[in-house]
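One structure is given here, and the rest of the page talks about it.
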Amino acid sequence: MYDLTILGAGVSGAAIAWQAARYQLSVCVLEKENDIACGTTKANSAIIHAGYDPLPGTLMAKLNVRGNAMVEDMSQKLDFPFKRVGSLILAFNDDNLRMVHTLYERGVQNGVPGLQILSPQEVWEREPAVTRDCVGALYAPSAGIVMPWRMAQSMADCAALNGVEFRLNAEVTGVSRGEEGITLTLQNGETVQSRYVVNATGVDAWHVRSMIAPPPYTMKPSRGEYFLLDKAVGDTVHSVIFQCPTEVGKGVLVSPTADGNLIVGPNAEPVSSSQETGTTAEGLAFVQRMARLSVPSVSFRDNIRNFAGVRANTNIDDFIIEEVPELSGFIDCAGIKSPGLSSAPAIGEYVMELLEKAGLTLTEKETFIDSLPHRVRVRELSPAQRAEVIAKNPLYGRVICRCETITEGEIVDALHSPIPPCSIDGVKRRCGAGMGRCQGGFCGPRVHEIIARELGIPMQQIPQDRKGMYIITGETKTEG
Ligand SMILES: Cc1cc2nc3c(=O)[nH]c(=O)nc-3n(C[C@H](O)[C@H](O)[C@H](O)COP(=O)(O)OP(=O)(O)OC[C@H]3O[C@@H](n4cnc5c(N)ncnc54)[C@H](O)[C@@H]3O)c2cc1C
C-alpha cells in the first residue's frame with residue numbers, strides 16, 4: 001500500500017513526484033513505457049513560455065507564470081540546460097498588431113514581467129533575420145528554452161534519490177475502489193494499492209479517467225510536426241520567434257534550442273491517439289511555408305531530423321486538475337497541453353495542495369536532497385579541466401559520439417544515473433550521444449555495446465527506443 005501513486009512519467013508526473021519526494025510519504029510512479037519522458041514531453045517546442053497567452057484567471061495562466069519563475073533555479077540545482085533567451089510575437093498586419101496589444105494586456109494581468117511592444121526597427125536590431133514584412137512585435141524577456149526530456153529526467157532522478165519508486169513498463173489498465181484506498185491493475189495482471197492516485201498520463205488521461213466514470217470533458221488531440229536543423233544554422237535567430245497564436249495553437253515558431261540547434265514548427269493536425277507521432281510531407285511543407293513568413297532565410301537543407309508530438313487538447317480551454325467526484329483520493333491531471341512544459345513545476349506544487357485538501361498529510365522530510373551532482377560534459381571543459389577529468393577516469397578521453405563530442409565516460413555516467421536508460425535513444429536523451437548531424441549513424445553501434453556491457457544485458461534485448469524496437473535479433477556466425 002503506497003501513500004501516493006502517480007500514473008505517467010512525463011514532465012507532469014516527474015514534477016509531481018519531485019514535489020511529493022519532499023514529504024514523509026511512500027510514493028510510486030507507474031509508467032507504461034521503458035523510460036521517463038517518452039510521451040509528449042520528448043516532442044514539443046521546448047519553450048518555457050512567459051505566460052501572456054492563457055486567459056487571465058485560468059489555471060494555465062497562474063501555473064505558467066509560476067512555473068516560468070521556478071525553472072531557472074531548478075535548472076541550476078537539478079543540472080539541466082535552460083536559457084532565458086526571450087521571445088518575440090511578430091505582427092504582419094493591423095489585425096496581428098491588435099492581437100499583440102491584447103496579449104500584452106493579458107500578460108500584464110497574468111503578472112508576466114518586462115513585456116514590451118517593439119517597433120519593426122527594434123525587432124530587426126535584435127533579430128536581423130526577421131522578415132521586413134514585420135510591423136511590430138511583443139517582446140517577452142522572461143521566455144526561455146529548455147531540453148524538455150532532461151527537465152523531466154532531472155526531476156525524476158531527484159525524486160528517485162529521495163526514495164520515490166519508479167516502475168517502468170507498468171501500464172495501468174484498471175482503476176477501482178479497493179478495500180482501503182484505490183486498486184490499480186497493471187497490464188501484466190499485477191495490482192498496486194494506493195491511498196491516493198494522480199492521473200498524469202498526458203493524451204491518455206481521458207482514457208485512464210474513463211476507467212472510473214465517463215470524464216466531463218472530451219479529448220481533441222492534435223499533432224504538431226517539426227524540423228530540427230543542424231547546429232551550423234543554430235544562430236539564425238537568438239530568441240524564440242513566434243507568429244500570432246490562433247485557436248488551434250501558438251503558430252509556427254523558429255527558435256534556437258538549448259543545445260544550439262534550430263527548431264522550426266509545429267503545425268496543428270487533428271489525430272485520434274497519442275501514438276500518431278509520424279510526420280507527413282504535407283504537414284512539413286506547411287511548416288516550411290509558414291516559417292519563411294517570419295524568417296525567410298531558414299535553411300531547411302540543414303535539416304537533421306523531423307519529429308512530431310501530440311497535444312493533449314480537450315474541449316475545455318484550461319488544464320483540468322481536480323479530484324474525481326466518483327473516486328475520492330483520485331486526482332485527474334488532464335488537458336495538459338501547451339504551456340504544460342512551462343507549468344510543470346507549478347503543476348507539481350498545485351497537485352500537492354489538492355492532495356492535502358483531499359486528506360493526505362504532508363509532513364516535510366528532514367533530509368530532502370534538493371540538488372543533483374553536476375555531470376561531466378567534456379566538450380564544455382577547458383583543455384586543463386579535460387586533462388584533469390581524464391586523469392581521474394580515462395573513459396572521458398574516449399570520444400564515442402563525434403558529432404556532439406560525447407565520451408564513453410559520459411555515456412557510462414548516464415547508464416548509472418538514478419533511473420538508468422535501457423535503450424540507445426534513452427542514452428541519447430540523457431547525455432546527447434547520437435543527437436548530432438549523423439543522428440547516431442556512427443556512434444549507435446558503440447553505444448549499443450556500452451549499454452550491454454554496463455547493464456549486463458544481451459545486445460538482442462536492447463531496443464533503439466521503445467520496447468520491441470530491437471536492432472539485433474541474433475547471431476549469424478558463432479565460433480566453432
Ligand atoms: C507540438 C507541441 C508543442 C508544444 N510546445 C510546448 C512548449 O513549447 N512549451 C510548453 O510549455 N508546452 C508545450 N507543449 C505542451 C507540453 O509538451 C505538454 O504539456 C507536456 O509535455 C505534457 O506532459 P505530461 O507529462 O502531462 O504528458 P506526457 O509527456 O505525454 O506523459 C504522459 C505519460 O503517461 C504515460 N502513460 C500513458 N498511459 C499510461 C498508462 N495507462 N499507464 C501508465 N503510464 C501511462 C505515457 O507513456 C507518458 O510517458 C507542446 C505540446 C505539443 C504536442
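In the C-alpha cells, the first chain shown is A, the next is B, and so on; residue numbers restart at 1 for each chain, and ligands run from 1 in the order shown.
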
Within 7 Å of ligand 1, counting only C-alpha atoms and all ligand atoms: which residues, as number ranges by chain? A: 7-13, 30-33, 36-49, 170-173, 200-205, 208, 223-225, 266, 308-311, 336-343

Would you mind listing what lies within 10 Å of A:Ile331 as a ChimeraX atom specification, with only C-alpha atoms counted and same-chain residues fewer than 2 positions away left out? /A:6,196-200,209,320-325,327-329,333-334,351,354-355,358

Closest to A:Gly234 among A:Thr279, A:Ser273, A:Ser299, A:Ser176, using only C-alpha atoms? A:Ser299

Taking only C-alpha atoms into account, name the residue in A:Pro458, A:Pro463, A:Pro373, A:Gly67 that is nearest to A:Gly444.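 The closest residue to A:Gly444 is A:Pro463.
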
Pick out the residues sitting within 10 Å of A:Thr280, and hand them over as number ranges by chain; count only C-alpha atoms, and ignore anything fewer than 2 positions along from it in its own chain. A: 225, 277-278, 282-286, 306-308

Selected residues, N, CA and C atoms, written as a PDB file, in the first residue's frame, please.
```pdb
ATOM      1  N   GLU A 225       4.157  18.961 -36.098  1.00  0.00           N
ATOM      2  CA  GLU A 225       5.356  18.400 -36.745  1.00  0.00           C
ATOM      3  C   GLU A 225       6.479  19.438 -36.793  1.00  0.00           C
ATOM      4  N   THR A 277       2.426   9.754 -34.013  1.00  0.00           N
ATOM      5  CA  THR A 277       3.545  10.701 -33.975  1.00  0.00           C
ATOM      6  C   THR A 277       4.390  10.659 -35.254  1.00  0.00           C
ATOM      7  N   GLY A 278       3.820  10.161 -36.335  1.00  0.00           N
ATOM      8  CA  GLY A 278       4.538  10.184 -37.616  1.00  0.00           C
ATOM      9  C   GLY A 278       4.485  11.583 -38.222  1.00  0.00           C
ATOM     10  N   GLU A 282       2.862  16.773 -46.259  1.00  0.00           N
ATOM     11  CA  GLU A 282       2.026  17.985 -46.304  1.00  0.00           C
ATOM     12  C   GLU A 282       2.254  18.838 -45.062  1.00  0.00           C
ATOM     13  N   GLY A 283       2.304  18.153 -43.900  1.00  0.00           N
ATOM     14  CA  GLY A 283       2.487  18.875 -42.642  1.00  0.00           C
ATOM     15  C   GLY A 283       3.812  19.625 -42.642  1.00  0.00           C
ATOM     16  N   LEU A 284       4.862  18.962 -43.107  1.00  0.00           N
ATOM     17  CA  LEU A 284       6.190  19.598 -43.088  1.00  0.00           C
ATOM     18  C   LEU A 284       6.275  20.726 -44.120  1.00  0.00           C
ATOM     19  N   ALA A 285       5.587  20.528 -45.263  1.00  0.00           N
ATOM     20  CA  ALA A 285       5.595  21.593 -46.285  1.00  0.00           C
ATOM     21  C   ALA A 285       4.896  22.841 -45.722  1.00  0.00           C
ATOM     22  N   PHE A 286       3.817  22.632 -44.973  1.00  0.00           N
ATOM     23  CA  PHE A 286       3.099  23.759 -44.352  1.00  0.00           C
ATOM     24  C   PHE A 286       4.022  24.490 -43.370  1.00  0.00           C
ATOM     25  N   ASN A 306      13.229  15.111 -38.467  1.00  0.00           N
ATOM     26  CA  ASN A 306      11.841  15.545 -38.324  1.00  0.00           C
ATOM     27  C   ASN A 306      11.200  14.726 -37.227  1.00  0.00           C
ATOM     28  N   PHE A 307      10.277  15.322 -36.505  1.00  0.00           N
ATOM     29  CA  PHE A 307       9.551  14.582 -35.469  1.00  0.00           C
ATOM     30  C   PHE A 307       8.207  15.250 -35.234  1.00  0.00           C
ATOM     31  N   ALA A 308       7.346  14.565 -34.477  1.00  0.00           N
ATOM     32  CA  ALA A 308       6.025  15.139 -34.176  1.00  0.00           C
ATOM     33  C   ALA A 308       5.623  14.781 -32.753  1.00  0.00           C
TER      34      ALA A 308
END
```

Any chance you could tabulate, as a tab-separated table, the residues of stretch 232-322 of chain A at most 12 Å from stretch 76-89 of chain A with each one's nearest atom pair and distance in Å to one decimal, using only C-alpha atoms, in chain and rising number order?
```
residue	atom	partner	partner_atom	distance
A:Val237	CA	A:Val85	CA	10.3
A:His238	CA	A:Val85	CA	6.9
A:Ser239	CA	A:Val85	CA	5.1
A:Val240	CA	A:Ser87	CA	4.4
A:Ile241	CA	A:Leu88	CA	5.1
A:Phe242	CA	A:Ile89	CA	4.6
A:Gln243	CA	A:Ile89	CA	5.3
A:Cys244	CA	A:Ile89	CA	6.0
A:Pro245	CA	A:Ile89	CA	8.6
A:Lys250	CA	A:Ile89	CA	9.7
A:Gly251	CA	A:Ile89	CA	9.8
A:Val252	CA	A:Ile89	CA	10.6
A:Leu253	CA	A:Ile89	CA	9.2
A:Val254	CA	A:Ser87	CA	10.2
A:Ser255	CA	A:Ser87	CA	8.9
A:Pro256	CA	A:Val85	CA	8.9
A:Thr257	CA	A:Lys83	CA	8.9
A:Ala258	CA	A:Phe82	CA	6.2
A:Asp259	CA	A:Pro81	CA	7.8
A:Gly260	CA	A:Lys83	CA	10.6
A:Ser294	CA	A:Ile89	CA	9.8
```

Would you export the selected residues with C-alpha atoms as an mmCIF file, in the first residue's frame, please?
```cif
data_model
loop_
_atom_site.group_PDB
_atom_site.id
_atom_site.type_symbol
_atom_site.label_atom_id
_atom_site.label_comp_id
_atom_site.auth_asym_id
_atom_site.auth_seq_id
_atom_site.Cartn_x
_atom_site.Cartn_y
_atom_site.Cartn_z
ATOM 1 C CA VAL A 237 17.798 33.687 -34.621
ATOM 2 C CA HIS A 238 18.720 34.271 -30.987
ATOM 3 C CA SER A 239 15.309 34.333 -29.332
ATOM 4 C CA VAL A 240 12.043 32.457 -29.884
ATOM 5 C CA ILE A 241 10.270 33.893 -32.941
ATOM 6 C CA PHE A 242 6.513 33.267 -32.761
ATOM 7 C CA GLN A 243 3.662 34.265 -35.005
ATOM 8 C CA CYS A 244 0.328 35.394 -33.556
ATOM 9 C CA PRO A 245 -1.475 32.481 -31.852
ATOM 10 C CA LYS A 250 0.675 29.096 -30.949
ATOM 11 C CA GLY A 251 1.575 29.231 -34.651
ATOM 12 C CA VAL A 252 4.806 28.176 -36.355
ATOM 13 C CA LEU A 253 7.940 29.251 -34.479
ATOM 14 C CA VAL A 254 11.617 29.490 -35.317
ATOM 15 C CA SER A 255 13.846 29.148 -32.277
ATOM 16 C CA PRO A 256 17.297 28.183 -31.116
ATOM 17 C CA THR A 257 17.316 25.062 -28.930
ATOM 18 C CA ALA A 258 19.009 24.798 -25.553
ATOM 19 C CA ASP A 259 21.605 22.581 -27.234
ATOM 20 C CA GLY A 260 22.407 25.024 -30.071
ATOM 21 C CA SER A 294 8.805 35.003 -40.180
#
```

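The closest residue to A:Lys467, picked from A:Leu168, A:Met219, A:Val29, A:Ile406 and counting only C-alpha atoms, is A:Leu168.
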
Going by DSSP on the backbone, which bits of stretch 276-399 of chain A are alpha helix (DSSP H)? Write them as a VMD selection string, please. chain A and resid 281 to 294 340 to 357 383 to 392

So that I can check the surroundings of A:Ile316, please list as a list in words every protein, DNA and RNA residue that reaches within 9 Å of it, counting only C-alpha atoms and ignoring chain neighbours fewer than 6 positions away.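 After dropping sequence-adjacent residues, the list is Tyr217, Thr218 and Gly335 of chain A.
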
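Of the listed residues A:Asp53, A:Glu276, A:Glu125, A:Asp73, the one whose atoms come nearest to A:Gly107 is A:Asp53, with distances taken using only C-alpha atoms.
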
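With only C-alpha atoms as the basis for measurement, A:Gly265 is the residue among A:Gly426, A:Gly265, A:Gly468, A:Gly359 that approaches A:Met290 most closely.
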
Neighbour list for A:Gly441 as a PDB file with C-alpha atoms, in the first residue's frame, cut-off 12 Å, only C-alpha atoms, skip fewer than 2 positions in-chain:
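Written output follows (around28.pdb):
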```
ATOM      1  CA  ILE A 304      18.875  16.680 -39.473  1.00  0.00           C
ATOM      2  CA  ILE A 400      32.189   7.964 -28.895  1.00  0.00           C
ATOM      3  CA  CYS A 401      29.799  10.491 -30.497  1.00  0.00           C
ATOM      4  CA  ARG A 402      31.950  12.619 -32.783  1.00  0.00           C
ATOM      5  CA  CYS A 403      29.204  14.986 -33.911  1.00  0.00           C
ATOM      6  CA  ILE A 424      20.030   3.667 -27.352  1.00  0.00           C
ATOM      7  CA  ALA A 433      25.269  10.793 -27.847  1.00  0.00           C
ATOM      8  CA  GLY A 434      23.539  10.456 -31.232  1.00  0.00           C
ATOM      9  CA  MET A 435      21.903  13.915 -31.134  1.00  0.00           C
ATOM     10  CA  GLY A 436      24.112  15.384 -33.836  1.00  0.00           C
ATOM     11  CA  ARG A 437      24.311  15.584 -37.586  1.00  0.00           C
ATOM     12  CA  CYS A 438      24.659  11.818 -38.187  1.00  0.00           C
ATOM     13  CA  GLN A 439      21.838  11.066 -35.703  1.00  0.00           C
ATOM     14  CA  CYS A 443      28.075   6.024 -32.651  1.00  0.00           C
ATOM     15  CA  GLY A 444      24.866   3.950 -32.330  1.00  0.00           C
ATOM     16  CA  PRO A 445      26.624   0.525 -32.519  1.00  0.00           C
ATOM     17  CA  ARG A 446      29.249   1.625 -29.943  1.00  0.00           C
ATOM     18  CA  VAL A 447      26.548   2.935 -27.597  1.00  0.00           C
ATOM     19  CA  HIS A 448      24.746  -0.395 -28.060  1.00  0.00           C
ATOM     20  CA  GLN A 464      16.654   1.569 -30.301  1.00  0.00           C
TER      21      GLN A 464
END
```

According to DSSP computed on the backbone, where in stretch 239-406 of chain A is there strand (DSSP E)? Give the residues as a ChimeraX atom specification. /A:240-242,253-256,262-265,269-270,303-311,320-323,330-334,399-401,406

Deliver the residues from the most recent selection as a file, using C-alpha atoms, as a CSV table (one decimal), in the first residue's frame.
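Result file follows (part35.csv):
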```csv
chain,number,residue,atom,x,y,z
A,240,VAL,CA,12.0,32.5,-29.9
A,241,ILE,CA,10.3,33.9,-32.9
A,242,PHE,CA,6.5,33.3,-32.8
A,253,LEU,CA,7.9,29.3,-34.5
A,254,VAL,CA,11.6,29.5,-35.3
A,255,SER,CA,13.8,29.1,-32.3
A,256,PRO,CA,17.3,28.2,-31.1
A,262,LEU,CA,17.4,25.5,-34.7
A,263,ILE,CA,13.9,24.2,-34.2
A,264,VAL,CA,11.1,25.0,-36.6
A,265,GLY,CA,7.4,24.0,-36.3
A,269,GLU,CA,-3.4,18.5,-37.3
A,270,PRO,CA,-6.3,16.6,-35.5
A,303,ASN,CA,17.6,19.6,-41.5
A,304,ILE,CA,18.9,16.7,-39.5
A,305,ARG,CA,15.6,15.3,-38.1
A,306,ASN,CA,11.8,15.5,-38.3
A,307,PHE,CA,9.6,14.6,-35.5
A,308,ALA,CA,6.0,15.1,-34.2
A,309,GLY,CA,4.3,15.4,-30.8
A,310,VAL,CA,0.6,15.1,-29.8
A,311,ARG,CA,-1.1,17.8,-27.8
A,320,ILE,CA,-8.2,20.1,-15.8
A,321,ILE,CA,-6.7,19.3,-12.4
A,322,GLU,CA,-9.3,18.1,-9.9
A,323,GLU,CA,-10.3,15.3,-7.5
A,330,PHE,CA,-8.0,10.2,-7.2
A,331,ILE,CA,-6.7,13.4,-8.8
A,332,ASP,CA,-7.1,13.9,-12.5
A,333,CYS,CA,-4.4,16.0,-14.2
A,334,ALA,CA,-5.7,16.2,-17.7
A,399,VAL,CA,35.1,10.2,-27.8
A,400,ILE,CA,32.2,8.0,-28.9
A,401,CYS,CA,29.8,10.5,-30.5
A,406,ILE,CA,30.3,12.8,-26.1
```

Point-to-point distance from atom CA of A:Lys231 to atom CA of A:Glu404, Å rounded to tenths: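 It comes out at 9.9 Å.
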